[in-house]
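Next comes input_32.cif, a file with mmCIF, C-alpha atoms.
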```
data_final
loop_
_atom_site.label_atom_id
_atom_site.label_comp_id
_atom_site.auth_asym_id
_atom_site.auth_seq_id
_atom_site.Cartn_x
_atom_site.Cartn_y
_atom_site.Cartn_z
CA MET F 1 71.55 77.09 112.53
CA ALA F 2 72.51 80.63 111.60
CA GLU F 3 75.68 80.31 113.68
CA VAL F 4 76.77 77.16 111.83
CA VAL F 5 76.18 78.75 108.44
CA PHE F 6 77.98 81.91 109.56
CA PHE F 7 81.09 80.11 110.73
CA LEU F 8 81.22 77.89 107.65
CA ALA F 9 80.89 80.91 105.35
CA ALA F 10 83.37 82.97 107.37
CA ILE F 11 85.96 80.19 107.29
CA GLY F 12 85.39 79.81 103.55
CA ALA F 13 85.79 83.54 103.00
CA LEU F 14 89.00 83.73 105.05
CA ALA F 15 90.46 80.61 103.41
CA GLY F 16 89.66 82.04 100.00
CA ALA F 17 91.27 85.37 100.88
CA ILE F 18 94.44 83.75 102.21
CA GLY F 19 94.56 81.45 99.20
CA THR F 20 94.30 84.42 96.86
CA VAL F 21 97.32 86.03 98.48
CA ALA F 22 99.43 82.94 99.12
CA LEU F 23 99.02 80.80 96.00
CA ARG F 24 101.82 81.31 93.51
CA ASN F 25 99.96 80.55 90.30
CA PRO F 26 97.63 83.46 89.38
CA PHE F 27 95.10 81.01 87.96
CA TYR F 28 94.73 79.32 91.34
CA SER F 29 94.48 82.75 92.95
CA VAL F 30 91.49 83.52 90.74
CA LEU F 31 89.85 80.23 91.73
CA ALA F 32 90.47 80.97 95.43
CA LEU F 33 88.85 84.37 94.95
CA VAL F 34 85.80 82.64 93.44
CA CYS F 35 85.54 80.53 96.60
CA HIS F 36 85.87 83.69 98.69
CA LEU F 37 83.14 85.51 96.75
CA LEU F 38 80.70 82.59 97.03
CA SER F 39 81.23 82.45 100.81
CA LEU F 40 80.69 86.20 100.98
CA ALA F 41 77.40 85.79 99.11
CA ALA F 42 76.31 83.33 101.83
CA LEU F 43 77.19 85.97 104.45
CA PHE F 44 75.13 88.54 102.55
CA LEU F 45 72.18 86.13 102.61
CA LEU F 46 72.58 85.78 106.38
CA LEU F 47 72.43 89.57 106.63
CA ARG F 48 69.18 89.47 104.62
CA ALA F 49 70.64 91.19 101.59
CA GLU F 50 69.10 88.92 98.99
CA PHE F 51 69.56 91.15 95.97
CA VAL F 52 73.17 92.01 96.85
CA ALA F 53 73.96 88.30 97.24
CA ALA F 54 72.42 87.50 93.86
CA ALA F 55 74.28 90.39 92.22
CA GLN F 56 77.50 89.21 93.87
CA VAL F 57 77.14 85.73 92.40
CA ILE F 58 76.03 86.90 88.95
CA VAL F 59 78.27 89.94 88.48
CA TYR F 60 81.41 88.87 90.32
CA VAL F 61 81.54 85.11 90.07
CA GLY F 62 79.79 85.01 86.72
CA ALA F 63 81.26 87.90 84.79
CA VAL F 64 84.29 89.53 86.42
CA MET F 65 86.00 86.27 87.33
CA VAL F 66 85.53 84.94 83.78
CA LEU F 67 87.25 88.11 82.55
CA TYR F 68 90.11 87.39 84.98
CA VAL F 69 90.39 83.79 83.83
CA PHE F 70 90.57 84.87 80.19
CA VAL F 71 93.28 87.47 80.89
CA VAL F 72 95.31 85.01 82.98
CA ALA F 73 95.08 82.50 80.14
CA TYR F 74 96.07 85.18 77.60
CA VAL F 75 98.99 86.57 79.53
CA GLY F 76 100.08 83.09 80.52
CA GLY F 77 100.21 83.24 84.26
CA GLY F 78 103.16 81.15 85.22
CA ALA F 79 104.11 80.65 88.84
CA ASP F 80 106.01 83.62 90.13
CA PRO F 81 107.89 84.13 93.37
CA ILE F 82 105.84 85.73 96.10
CA THR F 83 108.14 88.64 96.79
CA THR F 84 111.26 90.32 95.53
CA ALA F 85 114.30 88.12 95.80
CA GLY F 86 116.60 90.94 96.82
CA ARG F 87 114.43 92.16 99.66
CA PRO F 88 113.27 89.33 101.91
CA GLY F 89 112.49 91.74 104.72
CA LEU F 90 109.66 93.27 102.70
CA ARG F 91 107.50 90.20 103.18
CA TRP F 92 107.76 90.32 106.94
CA ALA F 93 107.21 94.07 107.00
CA SER F 94 104.03 93.57 104.95
CA ALA F 95 102.75 90.85 107.28
CA LEU F 96 103.55 93.08 110.25
CA PHE F 97 101.67 95.98 108.67
CA ALA F 98 98.63 93.80 107.97
CA GLY F 99 98.65 92.52 111.55
CA ALA F 100 98.91 96.03 112.96
CA LEU F 101 96.04 97.13 110.74
CA PHE F 102 93.88 94.26 112.00
CA VAL F 103 94.64 95.07 115.64
CA GLU F 104 93.73 98.70 115.02
CA LEU F 105 90.46 97.81 113.27
CA SER F 106 89.56 95.35 116.04
CA ILE F 107 90.12 97.99 118.69
CA ALA F 108 87.94 100.37 116.70
CA ILE F 109 85.14 97.80 116.31
CA LEU F 110 85.14 96.34 119.80
CA GLY F 111 85.70 99.61 121.59
CA THR F 112 83.02 101.51 119.76
CA GLY F 113 80.13 103.23 121.46
CA LEU F 114 77.61 102.16 118.86
CA THR F 115 74.86 100.34 120.71
CA ALA F 116 73.51 98.73 117.54
CA LEU F 117 76.61 96.57 117.22
CA GLY F 118 75.85 94.42 120.23
CA GLY F 119 72.69 92.82 118.96
CA GLU F 120 71.31 91.03 115.97
CA GLY F 121 70.48 94.27 114.22
CA SER F 122 67.25 96.16 114.38
CA GLY F 123 64.29 97.08 112.34
CA TRP F 124 63.86 94.13 110.07
CA PHE F 125 60.62 94.37 108.14
CA GLU F 126 58.84 92.40 105.48
CA GLY F 127 60.56 92.82 102.16
CA TYR F 128 63.90 94.03 103.56
CA GLY F 129 66.62 93.61 100.95
CA THR F 130 64.38 92.10 98.29
CA PRO F 131 64.82 93.11 94.63
CA ALA F 132 61.56 95.06 94.73
CA GLU F 133 62.73 97.25 97.61
CA ILE F 134 66.21 97.73 96.13
CA GLY F 135 64.73 98.65 92.78
CA ARG F 136 62.35 101.12 94.36
CA LEU F 137 65.22 102.78 96.22
CA LEU F 138 67.44 102.87 93.13
CA LEU F 139 64.76 104.60 91.07
CA THR F 140 63.61 107.04 93.75
CA ASP F 141 66.11 108.04 96.41
CA PHE F 142 69.32 107.02 94.62
CA LEU F 143 68.44 107.82 91.02
CA LEU F 144 71.46 110.09 90.57
CA ALA F 145 73.88 107.43 91.79
CA PHE F 146 72.20 104.90 89.49
CA GLU F 147 72.61 107.11 86.42
CA VAL F 148 76.19 108.09 87.29
CA ALA F 149 77.02 104.38 87.69
CA SER F 150 75.71 103.69 84.18
CA ILE F 151 77.85 106.50 82.73
CA LEU F 152 80.85 105.17 84.67
CA LEU F 153 80.33 101.69 83.22
CA LEU F 154 80.18 103.14 79.70
CA VAL F 155 83.38 105.14 80.21
CA ALA F 156 85.17 102.11 81.68
CA ALA F 157 84.11 99.87 78.76
CA VAL F 158 85.31 102.38 76.15
CA GLY F 159 88.52 102.98 78.11
CA ALA F 160 89.27 99.27 78.39
CA VAL F 161 88.78 98.78 74.65
CA ILE F 162 91.05 101.74 73.84
CA LEU F 163 93.73 100.57 76.29
CA ALA F 164 93.79 96.97 75.09
CA ARG F 165 93.45 97.53 71.34
CA ARG F 166 96.23 96.78 68.88
CA ARG F 167 98.04 99.96 67.95
CA THR F 168 99.25 100.87 64.49
CA GLY F 169 102.83 101.86 63.86
CA LEU F 170 104.56 99.58 66.31
CA GLU F 171 108.20 98.82 65.65
CA ASP F 172 107.74 95.14 66.20
CA PRO F 173 106.85 93.54 62.85
CA ARG F 174 105.01 90.71 64.57
CA GLU F 175 102.32 93.14 65.72
CA ILE F 176 99.71 93.08 62.99
CA SER F 177 97.04 95.74 63.22
CA VAL F 178 93.78 96.13 61.39
CA GLY F 179 94.99 99.46 60.03
CA ASP F 180 97.99 97.76 58.43
CA LEU F 181 95.74 95.21 56.78
CA MET F 182 93.54 97.92 55.33
CA ARG F 183 96.51 99.67 53.78
CA THR F 184 97.44 98.69 50.25
CA GLY F 185 100.39 96.42 49.80
CA SER F 186 100.59 95.15 53.32
CA ARG F 187 98.52 92.12 52.43
CA ASP F 188 101.24 90.87 50.12
CA GLN F 189 103.76 91.49 52.85
CA LEU F 190 101.73 89.45 55.26
CA THR F 191 101.26 86.43 53.03
CA GLY F 192 104.69 86.63 51.48
CA GLY F 193 103.26 87.80 48.14
CA GLU F 194 101.33 84.65 47.37
CA ALA F 195 98.09 85.49 45.70
CA GLY F 196 95.09 83.32 46.32
CA SER F 197 95.89 82.35 49.86
CA MET F 198 93.43 82.38 52.73
CA ILE F 199 94.02 86.04 53.47
CA GLU F 200 92.36 87.18 50.24
CA VAL F 201 89.14 88.85 51.21
CA GLU F 202 87.72 90.27 48.02
CA GLY F 203 87.04 86.93 46.38
CA PRO F 204 87.57 86.09 42.70
CA PRO F 205 87.90 89.12 40.44
CA GLY F 206 85.08 88.00 38.20
CA ARG F 207 82.41 88.57 40.82
CA MET N 1 74.71 86.35 115.12
CA SER N 2 75.89 89.65 116.47
CA ILE N 3 76.89 92.30 113.95
CA GLU N 4 80.37 92.49 115.48
CA TRP N 5 81.26 89.07 114.10
CA TYR N 6 80.60 90.22 110.56
CA LEU N 7 82.73 93.31 111.13
CA ILE N 8 85.60 91.19 112.49
CA VAL N 9 85.46 88.97 109.40
CA SER N 10 85.41 92.09 107.24
CA ALA N 11 88.46 93.51 109.02
CA LEU N 12 90.35 90.22 108.64
CA VAL N 13 89.64 90.00 104.92
CA PHE N 14 90.63 93.64 104.47
CA CYS N 15 93.95 93.07 106.23
CA VAL N 16 94.68 89.97 104.18
CA GLY N 17 94.02 91.97 101.02
CA ALA N 18 96.20 94.88 102.16
CA GLY N 19 99.05 92.53 103.01
CA GLY N 20 98.67 90.82 99.66
CA ILE N 21 98.96 94.10 97.78
CA LEU N 22 102.21 94.81 99.61
CA VAL N 23 103.67 91.33 99.13
CA ARG N 24 102.74 90.30 95.61
CA ARG N 25 104.42 91.63 92.46
CA ASN N 26 102.16 90.32 89.71
CA PRO N 27 99.67 93.11 88.80
CA LEU N 28 96.97 90.50 88.17
CA VAL N 29 97.21 89.28 91.75
CA ILE N 30 97.34 92.88 92.99
CA LEU N 31 94.00 93.49 91.24
CA LEU N 32 92.64 90.36 92.93
CA CYS N 33 93.76 91.70 96.32
CA LEU N 34 92.04 95.01 95.55
CA GLU N 35 88.87 92.99 94.95
CA LEU N 36 89.36 91.40 98.39
CA MET N 37 89.55 94.82 100.05
CA LEU N 38 86.50 96.14 98.19
CA ASN N 39 84.53 93.06 99.16
CA ALA N 40 85.53 93.47 102.80
CA GLY N 41 84.16 97.00 102.59
CA ASN N 42 80.97 95.64 101.02
CA LEU N 43 80.51 93.18 103.88
CA ALA N 44 80.91 95.97 106.44
CA LEU N 45 78.41 98.14 104.55
CA VAL N 46 75.79 95.39 104.41
CA ALA N 47 76.35 94.55 108.09
CA PHE N 48 75.85 98.20 109.07
CA ALA N 49 72.73 98.36 106.91
CA ARG N 50 71.40 95.35 108.85
CA ALA N 51 72.33 96.96 112.15
CA HIS N 52 70.48 100.17 111.37
CA GLY N 53 67.55 98.51 109.69
CA ASN N 54 67.50 100.52 106.47
CA GLN N 55 68.67 99.53 103.04
CA ASP N 56 70.87 102.47 102.10
CA GLY N 57 74.00 100.47 102.86
CA GLN N 58 72.95 97.78 100.40
CA ILE N 59 72.59 100.39 97.65
CA PHE N 60 76.08 101.61 98.60
CA ALA N 61 77.40 98.04 98.28
CA LEU N 62 75.85 97.70 94.83
CA ILE N 63 77.48 100.95 93.68
CA VAL N 64 80.81 99.70 95.07
CA MET N 65 80.34 96.55 92.96
CA VAL N 66 79.85 98.72 89.86
CA VAL N 67 83.01 100.70 90.62
CA ALA N 68 84.93 97.46 91.19
CA ALA N 69 83.78 96.11 87.82
CA CYS N 70 84.96 99.33 86.11
CA GLU N 71 88.30 99.13 87.91
CA VAL N 72 88.75 95.52 86.81
CA ALA N 73 87.94 96.35 83.17
CA VAL N 74 90.45 99.20 83.02
CA GLY N 75 93.10 97.31 85.01
CA LEU N 76 92.89 94.21 82.86
CA GLY N 77 93.04 96.39 79.74
CA LEU N 78 96.25 97.91 81.09
CA ILE N 79 97.71 94.47 81.78
CA VAL N 80 96.88 93.32 78.25
CA ALA N 81 98.51 96.49 76.86
CA ILE N 82 101.62 95.83 78.98
CA TYR N 83 101.75 92.26 77.70
CA ARG N 84 101.38 93.38 74.06
CA ARG N 85 104.38 95.66 74.42
CA ARG N 86 106.39 92.71 75.77
CA LEU N 87 107.16 94.45 79.01
CA PRO N 88 107.61 92.31 82.12
CA ILE N 89 104.38 91.62 84.05
CA ASP N 90 105.94 92.78 87.30
CA VAL N 91 105.21 95.97 89.21
CA ASP N 92 108.80 96.23 90.40
CA GLU N 93 110.08 96.32 86.83
CA LEU N 94 107.45 98.76 85.56
CA ARG N 95 108.98 101.93 86.94
CA GLU N 96 108.78 104.28 83.98
CA LEU N 97 105.54 105.78 82.82
CA GLN N 98 106.73 106.78 79.35
CA GLY N 99 105.84 104.12 76.83
#
```

Show the structure stored in the file as structure tokens.
Amino acid sequence: MAEVVFFLAAIGALAGAIGTVALRNPFYSVLALVCHLLSLAALFLLLRAEFVAAAQVIVYVGAVMVLYVFVVAYVGGGADPITTAGRPGLRWASALFAGALFVELSIAILGTGLTALGGEGSGWFEGYGTPAEIGRLLLTDFLLAFEVASILLLVAAVGAVILARRRTGLEDPREISVGDLMRTGSRDQLTGGEAGSMIEVEGPPGR
Amino acid sequence: MSIEWYLIVSALVFCVGAGGILVRRNPLVILLCLELMLNAGNLALVAFARAHGNQDGQIFALIVMVVAACEVAVGLGLIVAIYRRRLPIDVDELRELQG
């Protein structure tokens, strides 16, 4: 039974990976990556990593991929050619490089002297990979990594907001920033000088 | 299933992701291929954790997930900034770092 589930999940993961690379529309690439991540979660369950599988589904498929879908919809991901038109040899060189890398990794894996690789894995005990065990490890042995990860997430969130915000002082008049709206006079410029339109925020002067 | 099978799948996914980064020009798809490579690394980490029978590799995989989420947030913010400036969404065209 485990073999059937493994091969189904492995084929799903590989098909998703190849689809991510080969599909021309970025939106379909995101959907292929979702398929890949779900198959990978099944593989994690086979390896008895229950909490990692749940985090994979919730964090990746639930949150990160939604972020991708929103950005693809915002940027307008039209179909683009796979590789540069002027350099068709680049595609074959890339495929050759990927194949050489796989051969090298396979030699490293199959020719290794690690005795643990031959079997099913050792030392499984009750509660291996459960949220309770992972939480205990995160709050005892790996507390520093846990705290540093939280600081890293905070820095990345602030950095993403700063990178993606609308900047003031752009040359393009179509870029409207909050700072321009706050400045006096720019409201008339925006609405073409018509008082009483929807952009009025203060309300009637009598209030 | 032997642990080697998981490692072979991990190596295959990693190579597909590396080839995709070299082939594709859209930075969105390049970020997706980076996700592929990070997930291949995660699979190898969890497989090694299973082989050795302790859970340190799973903690490592969780931290890698956190780093990947940060990388996605910053990368997508960069892509949105590029789009706002009406620059082409194409890594071959984006050669100059000055704004």

For this session: Do a neighbour search on segment 59-72 of chain F at 12 Å with all atoms listed in the file, toss out local chain neighbours closer than 5 positions, and write the hits as an MDAnalysis selection string.
Result: (chainID F and resid 25:41 51:54 77:79 164) or (chainID N and resid 26:29 31:32 35:36 38:39 62 64:83 89)

For this session: Find the residues around Pro131 of chain F up to 10 Å (all atoms listed in the file counted), leave out those fewer than 3 positions away in its own chain, and share them as a list in words.
Result: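 Within the cut-off, the hits are Ala49, Glu50, Phe51, Val52, Ala54, Gly127, Tyr128, Ile134, Gly135, Arg136 and Leu137 of chain F.
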
Please determine the contact residues of chain N with respect to chain F at a cut-off of 6 Å, counting only C-alpha atoms, and supply them as a CSV table (one decimal) with C-alpha atoms, keeping the file's coordinate frame.
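New file out_18.csv:
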```csv
chain,number,residue,atom,x,y,z
N,1,MET,CA,74.7,86.4,115.1
N,2,SER,CA,75.9,89.6,116.5
N,3,ILE,CA,76.9,92.3,114.0
N,4,GLU,CA,80.4,92.5,115.5
N,15,CYS,CA,94.0,93.1,106.2
N,19,GLY,CA,99.0,92.5,103.0
N,20,GLY,CA,98.7,90.8,99.7
N,22,LEU,CA,102.2,94.8,99.6
N,23,VAL,CA,103.7,91.3,99.1
N,24,ARG,CA,102.7,90.3,95.6
N,50,ARG,CA,71.4,95.4,108.8
N,51,ALA,CA,72.3,97.0,112.2
N,52,HIS,CA,70.5,100.2,111.4
N,53,GLY,CA,67.6,98.5,109.7
N,70,CYS,CA,85.0,99.3,86.1
N,73,ALA,CA,87.9,96.4,83.2
N,74,VAL,CA,90.4,99.2,83.0
N,77,GLY,CA,93.0,96.4,79.7
N,80,VAL,CA,96.9,93.3,78.2
N,81,ALA,CA,98.5,96.5,76.9
```

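Here atom CA of Ile21 of chain N is placed at a distance of 12.5 Å from atom CA of Asp92 of chain N.
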
Problem set entry | Å distance separating atom CA of Val9 of chain N from atom CA of Pro88 of chain F, one decimal place |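 Computed distance, atom CA of Val9 of chain N to atom CA of Pro88 of chain F, equals 28.8 Å.
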
Seminar exercise, completed: Computed gap from atom CA of Asn54 of chain N to atom CA of Thr112 of chain F is 20.5 Å
